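Accompanying notes for the structure given below.
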6 protein chains.
Amino acid sequence: MSLTKIPLLMIEPCVRAALLEDLGRAGDITCDAVIPPDRVATVALVAREPGVLAGLDFARQAFALIDPHITLTAAFEDGARLAPGTVIATITGPARGILTAERVALNFLGHLSGIASATATIADSISHTKAKITCTRKTTPGLRFAEKYAVRAGGGANHRFGLDDAILIKDNHIAIAGGITAAITAARAKIGHLVKIEVEVDTLDQLDEALTQNPDAILLDNMGPDMLREAVRRIAGRATAEASGRINAETAPAIAETGVDLLSAGWLTHSARVLDIGLDF
Amino acid sequence: MSLTKIPLLMIEPCVRAALLEDLGRAGDITCDAVIPPDRVATVALVAREPGVLAGLDFARQAFALIDPHITLTAAFEDGARLAPGTVIATITGPARGILTAERVALNFLGHLSGIASATATIADSISHTKAKITCTRKTTPGLRFAEKYAVRAGGGANHRFGLDDAILIKDNHIAIAGGITAAITAARAKIGHLVKIEVEVDTLDQLDEALTQNPDAILLDNMGPDMLREAVRRIAGRATAEASGRINAETAPAIAETGVDLLSAGWLTHSARVLDIGLDF
Amino acid sequence: MSLTKIPLLMIEPCVRAALLEDLGRAGDITCDAVIPPDRVATVALVAREPGVLAGLDFARQAFALIDPHITLTAAFEDGARLAPGTVIATITGPARGILTAERVALNFLGHLSGIASATATIADSISHTKAKITCTRKTTPGLRFAEKYAVRAGGGANHRFGLDDAILIKDNHIAIAGGITAAITAARAKIGHLVKIEVEVDTLDQLDEALTQNPDAILLDNMGPDMLREAVRRIAGRATAEASGRINAETAPAIAETGVDLLSAGWLTHSARVLDIGLDF
Amino acid sequence: MSLTKIPLLMIEPCVRAALLEDLGRAGDITCDAVIPPDRVATVALVAREPGVLAGLDFARQAFALIDPHITLTAAFEDGARLAPGTVIATITGPARGILTAERVALNFLGHLSGIASATATIADSISHTKAKITCTRKTTPGLRFAEKYAVRAGGGANHRFGLDDAILIKDNHIAIAGGITAAITAARAKIGHLVKIEVEVDTLDQLDEALTQNPDAILLDNMGPDMLREAVRRIAGRATAEASGRINAETAPAIAETGVDLLSAGWLTHSARVLDIGLDF
Amino acid sequence: MSLTKIPLLMIEPCVRAALLEDLGRAGDITCDAVIPPDRVATVALVAREPGVLAGLDFARQAFALIDPHITLTAAFEDGARLAPGTVIATITGPARGILTAERVALNFLGHLSGIASATATIADSISHTKAKITCTRKTTPGLRFAEKYAVRAGGGANHRFGLDDAILIKDNHIAIAGGITAAITAARAKIGHLVKIEVEVDTLDQLDEALTQNPDAILLDNMGPDMLREAVRRIAGRATAEASGRINAETAPAIAETGVDLLSAGWLTHSARVLDIGLDF
Amino acid sequence: MSLTKIPLLMIEPCVRAALLEDLGRAGDITCDAVIPPDRVATVALVAREPGVLAGLDFARQAFALIDPHITLTAAFEDGARLAPGTVIATITGPARGILTAERVALNFLGHLSGIASATATIADSISHTKAKITCTRKTTPGLRFAEKYAVRAGGGANHRFGLDDAILIKDNHIAIAGGITAAITAARAKIGHLVKIEVEVDTLDQLDEALTQNPDAILLDNMGPDMLREAVRRIAGRATAEASGRINAETAPAIAETGVDLLSAGWLTHSARVLDIGLDF
């Protein structure tokens with residue numbers, strides 16, 4: 001199963017904005033003053049620590065937008081496992097342009113590879129189960145499409161992309177709607193036939209009520225392994241079972257082994273450490 | 001010394017874009033189906049862990065753009081120290097709008113407060129010295145102006161905002177330009193009178209050469225405390241001394257005690273963990 | 001079940017762009033020359049033929065963006081049935097602004113009410129069945145969110161909003177993928193847990209194959225009532241049954257009576273006649 | 001007389017926006033999952049009913065923006081008469097991209113060809129007279145430049161493109177300005193030397209008053225053939241005579257035979273049925 | 001005859017962009033550091049030299065966008081004659097915002113008032129004739145709508161706003177089209193009924209040929225007063241007579257006295273000196 | 001020392017907007033009607049008066065965006081001295097596109113070359129001194145990056161690009177802050193280590209106070225040569241000395257001979273006359 005690429009149409013404006021943010025009103029005054037315009041260079045894009053690659057098209061676009069004479073020849077594709085020292089790609093072209101685009105290219109690459117790497121860590125830890133790791137809407141403003149892609153690159157699955165592509169009934173919705181049954185009923189009356197419904201439950205009693213309404217998925221929030229195992233038993237395959245709360249590389253295996261289908265973690269996109277990737281001249 | 005606010009003119013389009021990213025093409029289909037339009041709510045914005053607040057204007061704007069009838073009354077300002085459980089603000093208005101804007105508001109608030117909190121940790125650890133903690137251009141694409149602000153909210157200082165507001169001559173520039181003297185000479189010949197020059201050095205020999213060219217600042221890259229102390233001695237106040245490389249809460253005090261003026265750390269903006277802030281109904 | 005509103009955040013840029021398209025570079029040179037700036041007027045927004053109202057917020061925004069002193073007081077809400085001569089709203093304020101915004105306001109109102117009215121015609125014709133009328137992705141470029149809303153205002157249901165919020169496997173996908181089973185299998189392996197799968201079938205044999213793969217919905221393309229009835233019998237409630245092809249007010253009842261869940265029609269959004277709504281001074 | 005093309009500079013952002021509207025945040029998840037990335041296809045763009053072609057550059061741009069390796073080789077140009085089954089163009093390239101761009105390309109092509117075809121129907125019906133069919137400002141928001149082009153492709157003439165490129169004094173302007181003479185006098189005092197003045201009249205008395213002010217054109221609103229014939233006699237070639245109101249293929253010939261120069265119809269752009277054009281694999 | 005205002009809808013994005021251009025990524029770091037946030041000020045907008053006012057709405061918008069608490073109370077309207085020392089308006093509000101917006105407000109006001117003043121100088125010099133001064137398409141990129149307005153504020157008339165609102169056949173068009181007759185014939189065959197045709201002629205022979213084609217206007221390029229007088233005689237009121245080339249305050253009266261209708265000058269918009277307007281604290 | 005180019009990434013959107021401003025909604029209706037689509041032309045870009053070239057990339061981009069088949073072959077680079085009649089470049093391609101893009105290309109070229117030429121006049125007049133001519137923030141809204149570039153092309157130096165890249169404490173700041181010392185102290189406490197401080201002084205007493213605070217630069221406002229000479233003596237190389245006020249080709253030499261480092265003049269960017277450059281067919 002190959003990784004789905006993001007259309008360049010979506011990548012280009014995002015990278016363009018990042019470059020303009022960095023160029024400001026006067027451009028790269030250091031390179032302009034210090035680097036001869038005719039100097040050509042070949043540099044290596046190198047992983048400085050182990051991880052999973054994501055964002056190569058963003059980096060390629062950064063160099064190409066600054067100078068179309070720069071070419072990036074990749075030795076790996078997004079999703080590849082990187083060892084420290086791995087040469088990810090070779091970049092050739094005018095040295096000025098390479099140095100000007102370097103930081104923006106690395107900012108995208110480090111950020112997205114960091115998310116992919118964090119995802120892969122969890123994915124690896126639960127690979128002996130049927131469970132998958134998935135993300136949330138806790139993403140960096142403006143970068144959701146890219147961060148969701150990085151999660152896929154790391155072997156994770158995608159949750160909702162926004163408020164509009166699925167129903168997710170949370171505790172506050174339930175409280176205001178007057179209960180799980182009322183909330184699911186209201187939702188079902190309004191949505192299109194291709195929209196799924198997920199409902200968050202905190203207790204087994206709530207779960208039992210939810211199951212009477214046949215939601216497509218159930219978010220089991222902050223339950224321990226024993227309770228999750230019982231929840232999975234009660235769901236009995238009638239809905240996707242998603243566990244959330246305190247998911248990390250230590251806790252994930254035990255949670256996955258309860259039989260849930262999904263583990264979701266907001267920190268994959270909002271708090272993953274950047275993967276250290278650099279340019280070697 | 002009060003914290004400088006970001007003009008709303010710069011905050012508004014950023015928050016607007018984040019809301020539209022979340023609303024997609026169909027809007028908040030859960031709230032639309034489940035929450036009665038006339039239901040009003042008052043909720044509390046609460047810190048769930050200790051940290052430093054940053055991004056209140058982004059959160060306020062998120063609620064206001066979704067529904068101008070929502071008001072956010074803040075008990076604290078950006079830069080404030082938060083204890084777990086601190087009620088940062090009270091938000092009152094239509095429940096639908098509050099729930100629709102919640103995630104975007106928290107995404108900004110958590111991200112920026114996370115950066116402020118990380119900065120404050122370092123700032124606190126070196127408060128017995130004259131040194132300050134500063135950021136880099138390793139920022140999240142599209143959010144540089146906001147992340148630099150968060151660093152200030154955490155008590156840090158700002159480095160360059162982009163490629164165009166100061167000269168920073170790094171190792172690759174030096175290599176291509178043919179040495180530190182050549183690079184600084186080329187830069188000085190071209191820049192305006194309000195542009196400063198900083199040069200990166202890896203060794204004391206490079207430092208000595210740099211000092212002959214009177215740069216405004218010197219970036220002492222990856223030097224240990226002893227070498228930094230010697231560097232500071234040689235600089236003797238003639239330039240700002242900035243130490244970079246492996247700066248964290250453990251290493252910072254010893255580095256700051258060498259007498260450098262600045263410690264810079266890219267992870268403040270690219271890898272700080274989100275601060276956990278939530279909405280209590 | 002009340003009609004879900006579109007957030008003003010999404011309406012405003014769309015109306016703004018339409019006004020600027022009409023104002024060009026010199027503005028409303030007729031009103032500027034002919035209408036005294038201090039003249040105030042009260043006008044009535046009147047339906048000139050029977051239909052269903054949609055787009056009032058677009059019209060209100062058009063007047064408000066041209067002159068915030070113009071107020072629109074509505075007697076009806078979107079979704080209301082209009083008789084010829086119905087006064088939909090009263091608009092009061094500077095006559096110049098009212099005349100300048102008039103055409104853009106009416107262009108939105110007529111277009112969206114036309115879609116709502118066409119939808120209602122079909123919805124009425126099948127109201128004795130459980131079937132609903134739904135739209136497609138055959139929308140006017142730039143107006144999909146608005147046109148999908150108009151379908152809801154007319155009592156219809158929404159199909160996919162784009163290529164990204166559900167899987168819809170059509171004939172060409174099946175041909176290239178190597179069959180229905182292969183296509184559904186490939187899709188299921190990649191999608192998130194909140195994404196539904198619909199597959200198009202042209203024959204009962206294809207339907208039988210599709211049913212072995214448990215898709216969420218099946219698009220029964222261009223089948224006559226007898227074949228549809230047999231298809232519904234075979235589906236037996238295991239998937240949403242959607243009939244498409246040649247749906248109009250004459251054909252709809254017989255198709256709906258076959259027991260399908262949905263009738264879909266592209267012309268609702270791409271070919272509905274504008275509803276004639278005017279401004280009476 | 002060849003058809004004037006729209007500059008690509010104006011087409012590109014419009015098509016780009018339509019593609020992004022369809023791709024949403026996750027792109028074409030069906031093709032991504034189901035169509036092998038290396039599959040190449042050649043497909044035919046085929047007219048399914050008779051009509052006039054318009055919008056080929058919009059379709060070409062849709063495919064090119066999704067994947068520059070897709071080429072569209074046209075057998076006809078905009079303005080061409082299409083018979084059912086006519087192969088308009090051949091499209092070759094990666095199957096994924098072709099399928100992803102298909103709907104947006106067809107949405108533009110069907111919409112614009114629909115307008116061109118409706119225009120041509122009227123134009124044909126009055127081709128034995130000197131009269132031309134023309135459009136109005138009753139266009140779809142955001143698409144005016146494209147719809148006006150489609151009218152030309154169908155053999156029609158263009159009326160005003162906006163509020164700013166000509167004076168058109170209508171009944172409400174006249175009422176507020178205090179009469180036709182006052183309104184034309186006010187307009188003439190303000191406009192530049194390259195701006196024409198048209199005035200709407202409902203009666204022959206109004207026409208007589210208008211003619212004393214030498215407007216460039218007169219809009220004869222909702223007059224029957226006899227009254228139009230008398231109006232043309234009184235105008236006597238001193239102004240362009242434009243008939244409006246209830247123009248369709250049945251009424252147009254008799255109206256055109258009265259000697260008017262123009263017949264104008266808003267429905268050409270706001271209510272023309274889409275022309276059925278499809279992609280055959 | 002009052003001056004036509006530009007809709008705020010067109011002014012706002014232009015002023016917003018100019019403010020963001022000035023604020024950069026860090027905002028007004030001088031005011032932020034030096035001016036207490038609670039300091040309120042009242043300042044006077046003062047003309048430092050004689051001239052004609054234009055651009056007050058741009059200035060007002062600049063202050064309002066930076067801080068809605070700033071109010072600008074104008075003593076004059078655009079088009080007013082200013083003596084040195086005239087207090088144009090009083091501005092009251094937070095001192096920080098006033099100082100931050102000052103330069104952008106003055107940049108618009110000085111630029112547009114400069115154009116209005118230059119226009120008025122010519123207009124005054126020919127006020128004893130029927131001729132008017134008009135502008136060209138030689139405008140500053142991005143500011144055409146504003147500069148055309150400034151010309152009107154100075155008592156001038158507007159020529160074409162762009163390539164699309166009138167036909168202007170110049171020497172190169174004539175050369176390629178194969179002569180004046182061919183060019184006008186081709187143009188007339190294609191344009192809508194509300195589009196005027198102007199043709200440029202350099203000689204009286206060209207004029208005679210042009211007159212056989214009944215253009216709406218004739219641009220008499222670089223002719224001296226005697227030749228202009230003869231041209232006006234030959235035109236005999238059948239077309240608008242526009243004189244261009246070397247129009248300035250010295251040459252204008254003699255040119256206007258030849259009987260031409262218009263004098264056009266590109267320098268009004270591309271080379272007018274800024275009017276010196278300042279802010280007095 | 002070669003001239004630093006502006007990244008195409010910054011030029012392209014600016015030129016694109018200017019072209020769309022000129023094309024309006026209907027495009028170049030004159031060329032469309034009059035120029036055969038297959039006509040190819042070669043034209044010369046010619047200086048009609050002496051000056052300094054600036055803006056070639058803007059012109060090249062204007063032609064390329066209208067038609068990529070147009071090529072511009074330059075004989076000179078920006079910064080070159082032009083004599084009347086100098087052929088700057090040869091442009092070859094479809095005549096329609098060349099004529100359509102001509103005005104926008106020349107508007108950029110004339111405006112920027114006018115600024116470069118004005119700058120060069122001053123630069124030449126002070127070339128016997130060490131002083132340089134520099135610009136201000138008095139730029140045309142939207143074109144600051146381009147106008148600052150034109151100043152460099154003319155041999156000038158750049159002052160601040162915006163409110164955010166340096167501190168400039170002016171008279172009003174000083175008055176509100178409570179004096180020069182207070183203002184500089186406040187500024188120094190807040191700014192980053194790469195931000196310089198300049199302070200404006202009107203008297204020698206103010207200068208003396210300023211010097212006690214060690215600013216990076218001092219703006220000597222409206223002082224005559226004698227006073228400037230004394231000021232330079234007192235500054236004694238401890239800060240950059242900038243003279244402003246009434247700088248022109250006559251006054252500049254005497255001011256520069258006082259020993260100041262910089263002469264600044266707002267009129268370079270806001271009031272320079274366009275350089276007359278044309279296209280010869």
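For the structure tokens, the naming scheme is as follows: chains receive sequential letters (A, B, ...) according to their order of presentation, residues are indexed from 1 within each chain, and ligands are indexed from 1 in presentation order.
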May I ask you to extract the residues of chain C within 8 Å of chain E, using only C-alpha atoms, and to give them as a list in words? Arg16, Leu20, Arg25, Ala26, Gly27, Asp32, Ala33, Leu65 and Ile66 of chain C
Could you give me, as a VMD selection string, each residue of stretch 18-265 of chain C that DSSP assigns to strand (DSSP E or B) when run on this structure's backbone? chain C and resid 40 to 47 51 to 52 71 to 74 81 to 82 87 to 94 132 to 134 157 167 to 169 195 197 to 201 217 to 221 240 to 244 262 to 264
Using DSSP on the backbone coordinates, identify all residues within stretch 104-169 of chain F classified as helix (DSSP H, G or I); present the result as a PDB file with N, CA and C atoms, in the first residue's frame.
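The new file result_28.pdb reads:
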```
ATOM      1  N   VAL F 104       1.851  48.164 -18.950  1.00  0.00           N
ATOM      2  CA  VAL F 104       2.247  47.734 -17.602  1.00  0.00           C
ATOM      3  C   VAL F 104       3.763  47.622 -17.504  1.00  0.00           C
ATOM      4  N   ALA F 105       4.379  47.045 -18.516  1.00  0.00           N
ATOM      5  CA  ALA F 105       5.838  46.919 -18.509  1.00  0.00           C
ATOM      6  C   ALA F 105       6.483  48.301 -18.413  1.00  0.00           C
ATOM      7  N   LEU F 106       5.986  49.228 -19.216  1.00  0.00           N
ATOM      8  CA  LEU F 106       6.581  50.576 -19.209  1.00  0.00           C
ATOM      9  C   LEU F 106       6.253  51.326 -17.922  1.00  0.00           C
ATOM     10  N   ASN F 107       5.075  51.088 -17.361  1.00  0.00           N
ATOM     11  CA  ASN F 107       4.748  51.759 -16.096  1.00  0.00           C
ATOM     12  C   ASN F 107       5.750  51.368 -15.006  1.00  0.00           C
ATOM     13  N   PHE F 108       6.081  50.082 -14.925  1.00  0.00           N
ATOM     14  CA  PHE F 108       7.088  49.656 -13.938  1.00  0.00           C
ATOM     15  C   PHE F 108       8.466  50.238 -14.294  1.00  0.00           C
ATOM     16  N   LEU F 109       8.832  50.088 -15.539  1.00  0.00           N
ATOM     17  CA  LEU F 109      10.167  50.477 -15.967  1.00  0.00           C
ATOM     18  C   LEU F 109      10.384  51.979 -15.813  1.00  0.00           C
ATOM     19  N   GLY F 110       9.398  52.745 -16.208  1.00  0.00           N
ATOM     20  CA  GLY F 110       9.531  54.192 -16.109  1.00  0.00           C
ATOM     21  C   GLY F 110       9.581  54.661 -14.666  1.00  0.00           C
ATOM     22  N   HIS F 111       8.710  54.072 -13.848  1.00  0.00           N
ATOM     23  CA  HIS F 111       8.655  54.475 -12.441  1.00  0.00           C
ATOM     24  C   HIS F 111       9.965  54.134 -11.723  1.00  0.00           C
ATOM     25  N   LEU F 112      10.422  52.903 -11.884  1.00  0.00           N
ATOM     26  CA  LEU F 112      11.627  52.473 -11.163  1.00  0.00           C
ATOM     27  C   LEU F 112      12.879  53.126 -11.739  1.00  0.00           C
ATOM     28  N   SER F 113      12.948  53.264 -13.056  1.00  0.00           N
ATOM     29  CA  SER F 113      14.109  53.947 -13.648  1.00  0.00           C
ATOM     30  C   SER F 113      14.105  55.427 -13.269  1.00  0.00           C
ATOM     31  N   GLY F 114      12.939  56.003 -13.100  1.00  0.00           N
ATOM     32  CA  GLY F 114      12.875  57.395 -12.652  1.00  0.00           C
ATOM     33  C   GLY F 114      13.487  57.551 -11.269  1.00  0.00           C
ATOM     34  N   ILE F 115      13.180  56.623 -10.387  1.00  0.00           N
ATOM     35  CA  ILE F 115      13.761  56.664  -9.036  1.00  0.00           C
ATOM     36  C   ILE F 115      15.267  56.436  -9.089  1.00  0.00           C
ATOM     37  N   ALA F 116      15.672  55.462  -9.895  1.00  0.00           N
ATOM     38  CA  ALA F 116      17.109  55.177 -10.024  1.00  0.00           C
ATOM     39  C   ALA F 116      17.841  56.392 -10.585  1.00  0.00           C
ATOM     40  N   SER F 117      17.232  57.039 -11.531  1.00  0.00           N
ATOM     41  CA  SER F 117      17.884  58.186 -12.174  1.00  0.00           C
ATOM     42  C   SER F 117      18.003  59.362 -11.211  1.00  0.00           C
ATOM     43  N   ALA F 118      16.946  59.601 -10.463  1.00  0.00           N
ATOM     44  CA  ALA F 118      17.000  60.682  -9.475  1.00  0.00           C
ATOM     45  C   ALA F 118      18.076  60.391  -8.435  1.00  0.00           C
ATOM     46  N   THR F 119      18.112  59.138  -7.998  1.00  0.00           N
ATOM     47  CA  THR F 119      19.126  58.749  -7.023  1.00  0.00           C
ATOM     48  C   THR F 119      20.527  58.964  -7.578  1.00  0.00           C
ATOM     49  N   ALA F 120      20.711  58.565  -8.828  1.00  0.00           N
ATOM     50  CA  ALA F 120      22.040  58.680  -9.437  1.00  0.00           C
ATOM     51  C   ALA F 120      22.474  60.136  -9.561  1.00  0.00           C
ATOM     52  N   THR F 121      21.521  61.009  -9.804  1.00  0.00           N
ATOM     53  CA  THR F 121      21.873  62.434  -9.910  1.00  0.00           C
ATOM     54  C   THR F 121      22.482  62.926  -8.607  1.00  0.00           C
ATOM     55  N   ILE F 122      21.866  62.549  -7.512  1.00  0.00           N
ATOM     56  CA  ILE F 122      22.426  62.955  -6.216  1.00  0.00           C
ATOM     57  C   ILE F 122      23.730  62.219  -5.944  1.00  0.00           C
ATOM     58  N   ALA F 123      23.721  60.916  -6.221  1.00  0.00           N
ATOM     59  CA  ALA F 123      24.927  60.115  -5.967  1.00  0.00           C
ATOM     60  C   ALA F 123      26.120  60.687  -6.725  1.00  0.00           C
ATOM     61  N   ASP F 124      25.885  61.072  -7.965  1.00  0.00           N
ATOM     62  CA  ASP F 124      26.975  61.647  -8.763  1.00  0.00           C
ATOM     63  C   ASP F 124      27.477  62.948  -8.147  1.00  0.00           C
ATOM     64  N   SER F 125      26.537  63.722  -7.632  1.00  0.00           N
ATOM     65  CA  SER F 125      26.915  65.048  -7.142  1.00  0.00           C
ATOM     66  C   SER F 125      27.730  64.981  -5.855  1.00  0.00           C
ATOM     67  N   ARG F 144       7.054  49.315  -2.006  1.00  0.00           N
ATOM     68  CA  ARG F 144       8.262  49.666  -1.258  1.00  0.00           C
ATOM     69  C   ARG F 144       9.460  48.803  -1.644  1.00  0.00           C
ATOM     70  N   PHE F 145       9.245  47.475  -1.726  1.00  0.00           N
ATOM     71  CA  PHE F 145      10.391  46.603  -2.043  1.00  0.00           C
ATOM     72  C   PHE F 145      10.985  46.964  -3.400  1.00  0.00           C
ATOM     73  N   ALA F 146      10.146  47.359  -4.322  1.00  0.00           N
ATOM     74  CA  ALA F 146      10.629  47.682  -5.662  1.00  0.00           C
ATOM     75  C   ALA F 146      11.313  49.044  -5.685  1.00  0.00           C
ATOM     76  N   GLU F 147      10.747  50.002  -4.980  1.00  0.00           N
ATOM     77  CA  GLU F 147      11.328  51.343  -4.976  1.00  0.00           C
ATOM     78  C   GLU F 147      12.664  51.371  -4.225  1.00  0.00           C
ATOM     79  N   LYS F 148      12.759  50.574  -3.162  1.00  0.00           N
ATOM     80  CA  LYS F 148      14.041  50.491  -2.434  1.00  0.00           C
ATOM     81  C   LYS F 148      15.119  49.880  -3.351  1.00  0.00           C
ATOM     82  N   TYR F 149      14.687  48.914  -4.152  1.00  0.00           N
ATOM     83  CA  TYR F 149      15.603  48.306  -5.115  1.00  0.00           C
ATOM     84  C   TYR F 149      16.069  49.344  -6.139  1.00  0.00           C
ATOM     85  N   ALA F 150      15.129  50.175  -6.600  1.00  0.00           N
ATOM     86  CA  ALA F 150      15.468  51.194  -7.597  1.00  0.00           C
ATOM     87  C   ALA F 150      16.487  52.184  -7.029  1.00  0.00           C
ATOM     88  N   VAL F 151      16.365  52.491  -5.751  1.00  0.00           N
ATOM     89  CA  VAL F 151      17.344  53.375  -5.117  1.00  0.00           C
ATOM     90  C   VAL F 151      18.738  52.731  -5.171  1.00  0.00           C
ATOM     91  N   ARG F 152      18.796  51.429  -4.895  1.00  0.00           N
ATOM     92  CA  ARG F 152      20.094  50.743  -4.991  1.00  0.00           C
ATOM     93  C   ARG F 152      20.619  50.742  -6.432  1.00  0.00           C
ATOM     94  N   ALA F 153      19.698  50.544  -7.388  1.00  0.00           N
ATOM     95  CA  ALA F 153      20.119  50.537  -8.791  1.00  0.00           C
ATOM     96  C   ALA F 153      20.725  51.886  -9.184  1.00  0.00           C
TER      97      ALA F 153
END
```
Expressed in Å to a single decimal, how great is the separation between atom CA of A:His270 and atom CA of B:Arg273?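 Distance between the two atoms: 7.3 Å.
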For F:Ile184, work out the shell of residues within 8 Å, counting only C-alpha atoms and skipping chain neighbours fewer than 5 positions away, then give it as number ranges by chain. E: 34; F: 169, 197, 199, 213, 215
Show which residues sit within 12 Å of F:Asp38, as a compact mmCIF listing (two decimals) with N, CA, C and O atoms, in the first residue's frame. Count only C-alpha atoms, and ignore same-chain residues fewer than 4 positions away.
```txt
# COMPACT_ATOMS: atom_id res chain seq x y z
N ILE E 176 -0.17 47.70 -37.80
CA ILE E 176 -0.35 46.25 -37.96
C ILE E 176 -1.69 45.92 -38.62
O ILE E 176 -1.79 44.99 -39.42
N ASP F 32 -7.49 42.61 -29.32
CA ASP F 32 -8.28 41.44 -29.70
C ASP F 32 -9.01 41.67 -31.01
O ASP F 32 -9.17 40.76 -31.82
N VAL F 34 -8.21 44.12 -33.34
CA VAL F 34 -7.46 44.79 -34.41
C VAL F 34 -6.20 44.04 -34.83
O VAL F 34 -5.76 44.15 -35.97
N HIS F 69 5.46 33.07 -24.97
CA HIS F 69 6.22 33.00 -26.21
C HIS F 69 6.95 34.31 -26.50
O HIS F 69 7.68 34.40 -27.48
N GLY F 93 8.03 38.34 -30.30
CA GLY F 93 6.94 37.40 -30.03
C GLY F 93 5.65 37.87 -30.64
O GLY F 93 5.64 38.81 -31.45
N PRO F 94 4.55 37.24 -30.27
CA PRO F 94 3.25 37.62 -30.80
C PRO F 94 2.96 39.10 -30.55
O PRO F 94 3.08 39.57 -29.41
N ALA F 95 2.58 39.81 -31.58
CA ALA F 95 2.37 41.26 -31.47
C ALA F 95 1.25 41.60 -30.50
O ALA F 95 1.33 42.59 -29.77
N ARG F 96 0.23 40.76 -30.48
CA ARG F 96 -0.89 41.02 -29.56
C ARG F 96 -0.41 41.11 -28.12
O ARG F 96 -0.72 42.04 -27.40
N GLY F 97 0.35 40.09 -27.73
CA GLY F 97 0.82 40.05 -26.35
C GLY F 97 1.75 41.21 -26.03
O GLY F 97 1.69 41.79 -24.95
```
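Of the listed residues F:Ile167, F:Ala175, F:Ile91, F:Ile277, the one whose atoms come nearest to F:Ile70 is F:Ile91, with distances taken using only C-alpha atoms.
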Skipping near chain neighbours, those fewer than 3 positions away, what residues fall within 8 Å of E:Glu209 using only C-alpha atoms, listed as a PyMOL selection string? chain E and resi 180-181+205-206+212-213
Within 8 Å of C:Leu263 using only C-alpha atoms, minus same-chain residues under 2 positions, as a count of residues only: 14
